[in-house]
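As C-alpha cells, the structure follows; a few thoughts come after it.
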Amino acid sequence: MFSDLRIAIRNLLKATALWQDNRLILREFKFFPGVTVAAISFSLFAACLSGSTVALIGVFLQGLTNPQESPIQTGLYFIDHWVFGITAPPAERIIRLSTFILFAIWLQSLSHYLGQLFSRLAAINLTERLRRSIFEQLQGLSLSFYSKTQPGELINSIRGETNQLQQAFNVISVFFTQGMTLLVYVGLMFFLSWQLSIAAFLVFGLLSICVSKITAKVREASFDVPTANGRFSSAALELINGIRTVHASSTHEYERQRFYKATSQVVKATSKVAKLSTMVGPLTQGMSGTLLILMVAIAFSTLVESGQMRATTLLTFLLTLSRTMPVVTHINGAWTKLNSFQGAFKNVKDLLKESDKPYLQNGELPFSELKCSIDFVAVNFGYEANEPVLHDITLAIAKGQTTALVGSSGAGKTTLADLIPRLYDPTDGKILVDGIDLRQFDIHTFRQKLAIVSQDTFIFNASVFYNIAYGLEGIDESAVWEAARQANALQFIQDLPDGLKTSLGDKGVRLSGGQRQRIAIARALLRNPEILILDEATSALDSVTERLIQESLENLSQGRTVIVIAHRLSTIVNADQVVVLEKGRVVEQGNYQELLNQKGELWKYHQMQFATG
Ligand SMILES: Nc1ncnc2c1ncn2[C@@H]1O[C@H](COP(=O)(O)OP(=O)(O)OP(=O)(O)O)[C@@H](O)[C@H]1O
C-alpha cells in the first residue's frame, strides 16, 4: 500500500515541470529521504500552528474587548469547549486561550526550528551528493572533454556553484515553509471575511505582477554570473600554474590586467543581480503597507459601520493580513533570490547531463596478460570530427619487444601511444590485443598491466612514498626504496629532509625535471607493468642526469613490451622495431639499421642529430 503510494507520488512528481527541469539535481534527494521528509513535515506542521496561533489571538482579542459577547465557535467540540471555553466564565476563557496560545507559539517555534534544521541538513547533504556526482561524472569522461573545457570553469562548478545550490536549497526551504504559512493564513482570511479576502487578493495580485517583472530580469542577469566566475577562476588558476612562465617572461602587467578584467566582470555581473534582487523586498514592503492602510479605512467605513462585520473580526483579519505581508515579502524575496541562482543550476545540470558528453564504453573481458601482440589495424583518429590526426595506421607491437616511435614534432607519436591505454578511441579501424578488440576488455584490468612514463607525469602534493606507491595497496617501504634504487632516485631521495616522507609540494615543485622523471620511473617499476609506454623528455637534461635516467629506463624496460616515443635516436639504436611517423602516417617501419640503409626519413633524422651532436 505504502509502496503504491510512493510510486504514485514519484510518478506525479516526475510529471511536473520542476522535476523535468531539475531532475539531475533533485534525484540526489533519494539518498537521504528521512531528512527530506522530516524537513517537509516539520515545516508543514509549523505553518499550521502559525495559522492556529493567529486565529487563537483573534478569539483572545474578542474575549478581551467584548467579554460579554457570545464567543466565536467553530462547531468542533474539542476546540469550542476545551480551547475557546465557550461555556466557561469570561476570565477562565482568557486564561484557557492564553495557555493554548503560549503552547501553540512554543510548539510552532520548535517545529519551525526542526523544519529549518532538517532543510539545512538536506541542503548540506545535497551539496555533498552533487559534488560526488560531478566528481564521478568527471572521472568517467574521456580526455577529449578536458581538452575543450577550462579547468577553472570545472573548479568553479564543483566548488562555487554547488555552494550556491546549497544556498538555493536553503532559500527553497524558506519558500516552502512560507508558502505553507501563506496557505494557512489565506484560509483563515477567507474564513473571517471573503469580501476583504478577495479585495486583498486583487491588490496583492497586482503587486506580484510588478515583482515578477523584476524577477525575470534577475533570472536573465544571473546567467552571466557563472560565466564570469569561471573566467575569474581560470585566470587565477593559470597565474598560479604558470607563475614560472609569468616571472620568466615578465608579463606581470599583462597578467594583472587580465586578472583585473576577470574580477571586474564578476563585479559587473553580480552587481547587476544584486541591484535588481535587493529592490524587491523594500518595494513590496512599501507598497503593501500603503495598501493595508487603504483597506482598513475602506473596510471600517463600509462593513463595520454598517454592522456587517464585528470590529474584532476586522481586527483579526488585519492581524492575519499584517502577518501575511512579511510572509509574502519573504516569498517574493526567496523567489527573486532563487532566480539569481538559475545560472548555477543550469551549469551544474549541464555538467551532470550525460547525453552530450564523451564517455569511455568499458568492455567486460578481464585482461590477464599479453600473449602475443598489440596490433593497430587501419586506425584513423582525430581530436575533432573533421580534423584527422592519425591516418590508416597499421602496425604490430610484439610482446617483449621494444617499438620506437620517431617523427617530427606534431607527427602524432603521443596521440598514437595514447590510443593503447584507451585515453582516446580510434575514430576508425581497430586496436587488437592478441586478436581481440581492445574495447572488449575491462579497461581497468588492462591498465593495471600498463604503465606510462611521460615528461609531464603528475606529481601529487604528498610524500615521496605516496607518489611512488600511488594507487597500490600494502606496499612496504623496502619495496619503494628498491624501486627508487633501480630508478636512480635513491641518492636524491636520501638527501631530502624527511627521505620518503618528504612532501613534494604542489605538482612536485620541490623537484627538478630529472628528479620528477625518476620518481615517475620508480612509480612504474613498482607497478611491474607488462606493457610500458615511455615518452622521452624533450627538454635538455645535463649529461649526468640523462645518463642516470637512461640507465633507469633500461632497468625498467627489461623483459617488457615497450613503446617508446624517442626524441634522441641514440636511445633507440637497439630497438626491435622503429616506426617513423609523418603528418599522422607511418612512412617507415623496420629495424634501425635497415631503415638507415634505406636512406629515408630516419636516415635524415640520424644525419641531423649526428651533425648537431
Ligand atoms: N588534446 C588535443 N586536442 C586537439 N589536438 C591535439 C591534442 N593533442 C594533440 N593535438 C594535435 O594532434 C597532432 C599530433 O600531436 P602529438 O602530440 O601526437 O604529436 P607528437 O608527434 O607527439 O609531437 P611532439 O613530439 O611535439 O610531442 C598535433 O597537430 C597536435 O596539435
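Each chain in the C-alpha cells gets a letter, A, B and so on, in the order shown; residues start at 1 in every chain, and ligands are counted from 1 in the order they appear.
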| field | 7 Å contact set for stretch 306-313 of chain A, only C-alpha atoms, chain neighbours under 4 positions out, as a ChimeraX atom specification | value | /A:61-62,192,302,317
Closest atom pairs, residues of chain A within 8 Å of ligand 1, only C-alpha atoms and all ligand atoms, as JSON lines:
{"residue": "A:Leu143", "atom": "CA", "partner": "ligand 1", "partner_atom_place_in_ligand_line": "1 (N)", "distance": 7.6}
{"residue": "A:Ser144", "atom": "CA", "partner": "ligand 1", "partner_atom_place_in_ligand_line": "1 (N)", "distance": 6.4}
{"residue": "A:Ser147", "atom": "CA", "partner": "ligand 1", "partner_atom_place_in_ligand_line": "1 (N)", "distance": 5.1}
{"residue": "A:Lys148", "atom": "CA", "partner": "ligand 1", "partner_atom_place_in_ligand_line": "3 (N)", "distance": 7.8}
{"residue": "A:Gly382", "atom": "CA", "partner": "ligand 1", "partner_atom_place_in_ligand_line": "12 (O)", "distance": 7.6}
{"residue": "A:Tyr383", "atom": "CA", "partner": "ligand 1", "partner_atom_place_in_ligand_line": "4 (C)", "distance": 4.9}
{"residue": "A:Glu384", "atom": "CA", "partner": "ligand 1", "partner_atom_place_in_ligand_line": "4 (C)", "distance": 6.8}
{"residue": "A:Val389", "atom": "CA", "partner": "ligand 1", "partner_atom_place_in_ligand_line": "12 (O)", "distance": 5.5}
{"residue": "A:Leu390", "atom": "CA", "partner": "ligand 1", "partner_atom_place_in_ligand_line": "14 (C)", "distance": 7.9}
{"residue": "A:Val406", "atom": "CA", "partner": "ligand 1", "partner_atom_place_in_ligand_line": "21 (O)", "distance": 7.9}
{"residue": "A:Gly407", "atom": "CA", "partner": "ligand 1", "partner_atom_place_in_ligand_line": "21 (O)", "distance": 6.2}
{"residue": "A:Ser408", "atom": "CA", "partner": "ligand 1", "partner_atom_place_in_ligand_line": "25 (O)", "distance": 6.0}
{"residue": "A:Ser409", "atom": "CA", "partner": "ligand 1", "partner_atom_place_in_ligand_line": "26 (O)", "distance": 3.6}
{"residue": "A:Gly410", "atom": "CA", "partner": "ligand 1", "partner_atom_place_in_ligand_line": "19 (O)", "distance": 3.4}
{"residue": "A:Ala411", "atom": "CA", "partner": "ligand 1", "partner_atom_place_in_ligand_line": "21 (O)", "distance": 3.9}
{"residue": "A:Gly412", "atom": "CA", "partner": "ligand 1", "partner_atom_place_in_ligand_line": "18 (O)", "distance": 3.3}
{"residue": "A:Lys413", "atom": "CA", "partner": "ligand 1", "partner_atom_place_in_ligand_line": "21 (O)", "distance": 3.9}
{"residue": "A:Thr414", "atom": "CA", "partner": "ligand 1", "partner_atom_place_in_ligand_line": "22 (O)", "distance": 3.7}
{"residue": "A:Thr415", "atom": "CA", "partner": "ligand 1", "partner_atom_place_in_ligand_line": "18 (O)", "distance": 3.7}
{"residue": "A:Leu416", "atom": "CA", "partner": "ligand 1", "partner_atom_place_in_ligand_line": "18 (O)", "distance": 6.5}
{"residue": "A:Thr538", "atom": "CA", "partner": "ligand 1", "partner_atom_place_in_ligand_line": "25 (O)", "distance": 7.9}
{"residue": "A:Ile565", "atom": "CA", "partner": "ligand 1", "partner_atom_place_in_ligand_line": "22 (O)", "distance": 7.6}
{"residue": "A:His567", "atom": "CA", "partner": "ligand 1", "partner_atom_place_in_ligand_line": "25 (O)", "distance": 7.3}
{"residue": "A:Leu581", "atom": "CA", "partner": "ligand 1", "partner_atom_place_in_ligand_line": "21 (O)", "distance": 7.7}
{"residue": "A:Lys583", "atom": "CA", "partner": "ligand 1", "partner_atom_place_in_ligand_line": "14 (C)", "distance": 7.9}
{"residue": "A:Gly584", "atom": "CA", "partner": "ligand 1", "partner_atom_place_in_ligand_line": "14 (C)", "distance": 7.1}
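Proximity to A:Gly115 was assessed for A:Phe45, A:Val573, A:Ala228, A:Phe100 counting only C-alpha atoms; the smallest distance is recorded for A:Phe45.
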| Which residues come within 8 Å of A:Ile105, counting only C-alpha atoms, excluding same-chain residues fewer than 5 positions away, as a list in words? | Leu49, Ser50 and Thr53 of chain A
Could you make a table, as JSON lines, of the residues of stretch 142-259 of chain A that have an atom within 12 Å of an atom of stretch 263-283 of chain A, each with its nearest atom pair and distance in Å to one decimal, counting only C-alpha atoms, in chain and number order?
{"residue": "A:Leu207", "atom": "CA", "partner": "A:Leu283", "partner_atom": "CA", "distance": 9.4}
{"residue": "A:Ser208", "atom": "CA", "partner": "A:Val280", "partner_atom": "CA", "distance": 10.2}
{"residue": "A:Ile209", "atom": "CA", "partner": "A:Val280", "partner_atom": "CA", "distance": 11.8}
{"residue": "A:Cys210", "atom": "CA", "partner": "A:Val280", "partner_atom": "CA", "distance": 9.4}
{"residue": "A:Val211", "atom": "CA", "partner": "A:Val280", "partner_atom": "CA", "distance": 6.5}
{"residue": "A:Ser212", "atom": "CA", "partner": "A:Val280", "partner_atom": "CA", "distance": 9.5}
{"residue": "A:Lys213", "atom": "CA", "partner": "A:Val280", "partner_atom": "CA", "distance": 10.3}
{"residue": "A:Ile214", "atom": "CA", "partner": "A:Leu276", "partner_atom": "CA", "distance": 6.7}
{"residue": "A:Thr215", "atom": "CA", "partner": "A:Ser277", "partner_atom": "CA", "distance": 7.3}
{"residue": "A:Ala216", "atom": "CA", "partner": "A:Leu276", "partner_atom": "CA", "distance": 9.9}
{"residue": "A:Lys217", "atom": "CA", "partner": "A:Leu276", "partner_atom": "CA", "distance": 7.5}
{"residue": "A:Val218", "atom": "CA", "partner": "A:Val273", "partner_atom": "CA", "distance": 5.5}
{"residue": "A:Arg219", "atom": "CA", "partner": "A:Val273", "partner_atom": "CA", "distance": 8.2}
{"residue": "A:Glu220", "atom": "CA", "partner": "A:Val273", "partner_atom": "CA", "distance": 8.9}
{"residue": "A:Ala221", "atom": "CA", "partner": "A:Val273", "partner_atom": "CA", "distance": 5.8}
{"residue": "A:Ser222", "atom": "CA", "partner": "A:Val273", "partner_atom": "CA", "distance": 6.2}
{"residue": "A:Phe223", "atom": "CA", "partner": "A:Ala269", "partner_atom": "CA", "distance": 8.7}
{"residue": "A:Asp224", "atom": "CA", "partner": "A:Ala269", "partner_atom": "CA", "distance": 5.9}
{"residue": "A:Val225", "atom": "CA", "partner": "A:Ala269", "partner_atom": "CA", "distance": 5.3}
{"residue": "A:Pro226", "atom": "CA", "partner": "A:Val266", "partner_atom": "CA", "distance": 8.6}
{"residue": "A:Thr227", "atom": "CA", "partner": "A:Val266", "partner_atom": "CA", "distance": 8.6}
{"residue": "A:Ala228", "atom": "CA", "partner": "A:Val266", "partner_atom": "CA", "distance": 5.0}
{"residue": "A:Asn229", "atom": "CA", "partner": "A:Val266", "partner_atom": "CA", "distance": 6.0}
{"residue": "A:Gly230", "atom": "CA", "partner": "A:Val266", "partner_atom": "CA", "distance": 9.2}
{"residue": "A:Arg231", "atom": "CA", "partner": "A:Thr263", "partner_atom": "CA", "distance": 8.7}
{"residue": "A:Phe232", "atom": "CA", "partner": "A:Thr263", "partner_atom": "CA", "distance": 6.0}
{"residue": "A:Ser233", "atom": "CA", "partner": "A:Thr263", "partner_atom": "CA", "distance": 9.3}
{"residue": "A:Ser234", "atom": "CA", "partner": "A:Thr263", "partner_atom": "CA", "distance": 11.1}
{"residue": "A:Ala235", "atom": "CA", "partner": "A:Thr263", "partner_atom": "CA", "distance": 9.2}
{"residue": "A:Ala236", "atom": "CA", "partner": "A:Thr263", "partner_atom": "CA", "distance": 9.8}
{"residue": "A:Arg256", "atom": "CA", "partner": "A:Thr263", "partner_atom": "CA", "distance": 10.4}
{"residue": "A:Gln257", "atom": "CA", "partner": "A:Thr263", "partner_atom": "CA", "distance": 9.8}
{"residue": "A:Arg258", "atom": "CA", "partner": "A:Thr263", "partner_atom": "CA", "distance": 8.8}
{"residue": "A:Phe259", "atom": "CA", "partner": "A:Thr263", "partner_atom": "CA", "distance": 6.2}
Please, could you write that set of residues out with C-alpha atoms as an mmCIF file, in the first residue's frame?
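Everything below was put into out_10.cif:
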data_model
loop_
_atom_site.group_PDB
_atom_site.id
_atom_site.type_symbol
_atom_site.label_atom_id
_atom_site.label_comp_id
_atom_site.auth_asym_id
_atom_site.auth_seq_id
_atom_site.Cartn_x
_atom_site.Cartn_y
_atom_site.Cartn_z
ATOM 1 C CA LEU A 207 1.788 43.731 -6.715
ATOM 2 C CA SER A 208 3.007 40.223 -7.667
ATOM 3 C CA ILE A 209 2.824 41.113 -11.366
ATOM 4 C CA CYS A 210 5.196 44.063 -10.744
ATOM 5 C CA VAL A 211 7.534 41.827 -8.754
ATOM 6 C CA SER A 212 7.541 39.073 -11.398
ATOM 7 C CA LYS A 213 8.834 41.567 -13.993
ATOM 8 C CA ILE A 214 11.840 42.319 -11.792
ATOM 9 C CA THR A 215 12.317 38.610 -11.030
ATOM 10 C CA ALA A 216 12.504 37.815 -14.727
ATOM 11 C CA LYS A 217 15.267 40.408 -15.112
ATOM 12 C CA VAL A 218 17.165 38.917 -12.146
ATOM 13 C CA ARG A 219 16.939 35.465 -13.720
ATOM 14 C CA GLU A 220 18.280 36.767 -17.012
ATOM 15 C CA ALA A 221 21.149 38.596 -15.303
ATOM 16 C CA SER A 222 22.046 35.540 -13.196
ATOM 17 C CA PHE A 223 23.222 33.561 -16.243
ATOM 18 C CA ASP A 224 26.214 35.897 -16.629
ATOM 19 C CA VAL A 225 27.440 35.196 -13.080
ATOM 20 C CA PRO A 226 28.798 31.631 -13.535
ATOM 21 C CA THR A 227 30.460 32.578 -16.825
ATOM 22 C CA ALA A 228 32.238 35.494 -15.132
ATOM 23 C CA ASN A 229 33.146 33.321 -12.122
ATOM 24 C CA GLY A 230 34.518 30.606 -14.404
ATOM 25 C CA ARG A 231 36.732 33.103 -16.256
ATOM 26 C CA PHE A 232 37.912 34.532 -12.971
ATOM 27 C CA SER A 233 38.818 31.072 -11.604
ATOM 28 C CA SER A 234 40.621 30.241 -14.862
ATOM 29 C CA ALA A 235 42.649 33.468 -14.747
ATOM 30 C CA ALA A 236 43.632 32.799 -11.117
ATOM 31 C CA ARG A 256 47.429 41.771 -13.818
ATOM 32 C CA GLN A 257 45.250 43.426 -16.454
ATOM 33 C CA ARG A 258 43.809 40.054 -17.457
ATOM 34 C CA PHE A 259 43.019 39.185 -13.845
#
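If you measure from each of A:Leu496, A:Val35, A:Leu450, A:Leu196 to A:Val304 using only C-alpha atoms, the closest one turns out to be A:Leu196.
Remark: for A:Ser322, the closest of the candidate residues A:Ser288, A:Phe341, A:Gly505, A:Glu136 is A:Ser288 (distances computed over only C-alpha atoms).
Across the model, the gap from atom CA of A:Ile475 to atom CA of A:Leu511 is 23.1 Å.
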| field | Residues within 10 Å of stretch 370-373 of chain A, only C-alpha atoms, excluding chain neighbours under 5 positions, as a PyMOL selection string | value | chain A and resi 396-401+432-435+446+449+530-531+561
Okay, now the selection with N, CA and C atoms, as a CSV table (one decimal), in the first residue's frame?
chain,number,residue,atom,x,y,z
A,396,ALA,N,52.3,-3.7,-35.9
A,396,ALA,CA,52.2,-4.7,-34.9
A,396,ALA,C,53.3,-4.4,-33.8
A,397,ILE,N,52.8,-4.5,-32.5
A,397,ILE,CA,53.8,-4.3,-31.4
A,397,ILE,C,53.9,-5.7,-30.7
A,398,ALA,N,55.0,-6.3,-30.9
A,398,ALA,CA,55.2,-7.7,-30.5
A,398,ALA,C,55.5,-7.8,-29.0
A,399,LYS,N,55.0,-8.8,-28.3
A,399,LYS,CA,55.2,-9.0,-26.9
A,399,LYS,C,56.7,-9.0,-26.6
A,400,GLY,N,57.1,-8.4,-25.6
A,400,GLY,CA,58.5,-8.5,-25.1
A,400,GLY,C,59.5,-7.7,-26.0
A,401,GLN,N,59.0,-7.0,-27.0
A,401,GLN,CA,59.9,-6.2,-27.8
A,401,GLN,C,59.8,-4.7,-27.6
A,432,LEU,N,43.9,-4.3,-31.8
A,432,LEU,CA,43.6,-5.7,-31.3
A,432,LEU,C,44.7,-6.1,-30.3
A,433,VAL,N,44.2,-6.7,-29.3
A,433,VAL,CA,45.2,-7.2,-28.3
A,433,VAL,C,45.0,-8.8,-28.3
A,434,ASP,N,46.1,-9.4,-28.8
A,434,ASP,CA,46.1,-10.9,-29.0
A,434,ASP,C,44.8,-11.2,-29.9
A,435,GLY,N,44.6,-10.4,-30.8
A,435,GLY,CA,43.5,-10.7,-31.8
A,435,GLY,C,42.1,-10.2,-31.3
A,446,PHE,N,43.1,-4.0,-17.9
A,446,PHE,CA,44.2,-3.8,-18.9
A,446,PHE,C,45.2,-2.7,-18.5
A,449,LYS,N,48.0,-3.5,-16.1
A,449,LYS,CA,49.2,-4.2,-16.6
A,449,LYS,C,50.1,-3.2,-17.4
A,530,GLU,N,53.4,-5.0,-17.6
A,530,GLU,CA,53.8,-5.9,-18.7
A,530,GLU,C,54.1,-5.0,-19.9
A,531,ILE,N,53.3,-3.9,-20.0
A,531,ILE,CA,53.4,-3.1,-21.2
A,531,ILE,C,53.8,-1.7,-20.7
A,561,THR,N,57.1,-5.3,-22.8
A,561,THR,CA,56.7,-4.8,-24.1
A,561,THR,C,56.8,-3.3,-24.0
| message | If DSSP is run on the backbone, what residues of stretch 401-599 of chain A are helix (DSSP H, G or I)? A reply as a VMD selection string would be ideal. | response | chain A and resid 413 to 418 438 to 440 443 to 448 464 to 468 477 to 486 490 to 495 499 to 501 506 to 508 513 to 527 543 to 557 569 to 572 592 to 598
Could you write those residues out with C-alpha atoms, as a compact mmCIF listing (two decimals), in the first residue's frame?
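Contents of result.txt, as written:
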# COMPACT_ATOMS: atom_id res chain seq x y z
CA LYS A 413 53.54 9.96 -31.78
CA THR A 414 51.91 10.83 -28.45
CA THR A 415 48.45 10.53 -29.96
CA LEU A 416 49.26 7.03 -31.26
CA ALA A 417 50.64 5.95 -27.87
CA ASP A 418 47.57 7.40 -26.08
CA LEU A 438 40.80 -3.67 -27.10
CA ARG A 439 37.32 -2.24 -26.46
CA GLN A 440 36.10 -5.67 -25.36
CA ILE A 443 39.90 -1.31 -19.32
CA HIS A 444 40.81 -1.26 -15.61
CA THR A 445 42.31 -4.74 -15.75
CA PHE A 446 44.18 -3.77 -18.93
CA ARG A 447 45.54 -0.53 -17.48
CA GLN A 448 46.73 -2.38 -14.37
CA VAL A 464 57.67 10.74 -1.97
CA PHE A 465 56.34 7.41 -0.69
CA TYR A 466 52.76 8.30 -1.73
CA ASN A 467 53.93 9.40 -5.16
CA ILE A 468 55.94 6.26 -5.87
CA GLU A 477 58.99 0.91 2.45
CA SER A 478 61.66 -1.57 1.37
CA ALA A 479 59.85 -2.15 -1.97
CA VAL A 480 59.65 1.61 -2.54
CA TRP A 481 63.36 2.04 -1.71
CA GLU A 482 64.20 -0.77 -4.15
CA ALA A 483 62.14 0.87 -6.92
CA ALA A 484 63.85 4.18 -6.13
CA ARG A 485 67.26 2.49 -6.35
CA GLN A 486 66.53 0.97 -9.76
CA LEU A 490 67.93 6.75 -4.24
CA GLN A 491 70.55 9.43 -3.76
CA PHE A 492 68.37 12.49 -4.08
CA ILE A 493 65.53 10.96 -2.01
CA GLN A 494 68.01 10.20 0.78
CA ASP A 495 69.16 13.83 0.60
CA GLY A 499 63.50 10.94 2.97
CA LEU A 500 60.45 9.07 1.67
CA LYS A 501 58.19 11.08 3.99
CA ASP A 506 52.04 21.11 -5.45
CA LYS A 507 52.84 19.34 -8.74
CA GLY A 508 56.25 18.41 -7.32
CA GLY A 513 62.63 17.93 -14.09
CA GLY A 514 65.06 14.99 -14.00
CA GLN A 515 64.11 14.11 -10.43
CA ARG A 516 60.40 14.20 -11.29
CA GLN A 517 61.04 11.82 -14.15
CA ARG A 518 62.92 9.39 -11.92
CA ILE A 519 60.01 9.43 -9.42
CA ALA A 520 57.79 8.53 -12.39
CA ILE A 521 60.15 5.69 -13.36
CA ALA A 522 60.18 4.38 -9.76
CA ARG A 523 56.36 4.52 -9.78
CA ALA A 524 56.27 2.49 -13.00
CA LEU A 525 58.85 -0.02 -11.69
CA LEU A 526 56.81 -0.66 -8.57
CA ARG A 527 53.72 -1.40 -10.65
CA SER A 543 74.64 14.66 -19.30
CA VAL A 544 74.90 13.06 -15.84
CA THR A 545 71.13 13.20 -15.27
CA GLU A 546 70.48 12.00 -18.78
CA ARG A 547 72.75 9.01 -18.25
CA LEU A 548 71.06 8.25 -14.89
CA ILE A 549 67.63 8.41 -16.48
CA GLN A 550 68.69 6.35 -19.47
CA GLU A 551 70.09 3.72 -17.16
CA SER A 552 66.91 3.62 -15.09
CA LEU A 553 64.77 3.40 -18.23
CA GLU A 554 66.84 0.43 -19.36
CA ASN A 555 66.22 -1.21 -15.95
CA LEU A 556 62.54 -0.51 -16.34
CA SER A 557 62.29 -1.79 -19.90
CA LEU A 569 67.97 8.49 -31.58
CA SER A 570 70.91 7.24 -29.51
CA THR A 571 68.40 5.68 -27.07
CA ILE A 572 66.65 3.53 -29.68
CA TYR A 592 67.16 0.80 -37.01
CA GLN A 593 69.98 -0.38 -39.24
CA GLU A 594 67.62 -1.46 -42.04
CA LEU A 595 65.98 1.98 -42.06
CA LEU A 596 69.36 3.75 -42.06
CA ASN A 597 70.36 1.71 -45.08
CA GLN A 598 67.18 2.83 -46.87
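Among A:Leu321, A:Leu138, A:Ala88, A:Ala123, the residue with the shortest atom-to-atom distance to A:Glu354, counting only C-alpha atoms, is A:Leu138.
Proximity ranking of A:Asn339, A:Ser301, A:Gln116, A:Ser157 relative to A:Phe42 places A:Gln116 first, based on only C-alpha atoms.
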| request: Go through stretch 182-384 of chain A and collect every residue that DSSP, computed from the backbone, puts in strand (DSSP E or B); the answer should be as a VMD selection string. | output: chain A and resid 359 365 373 to 384
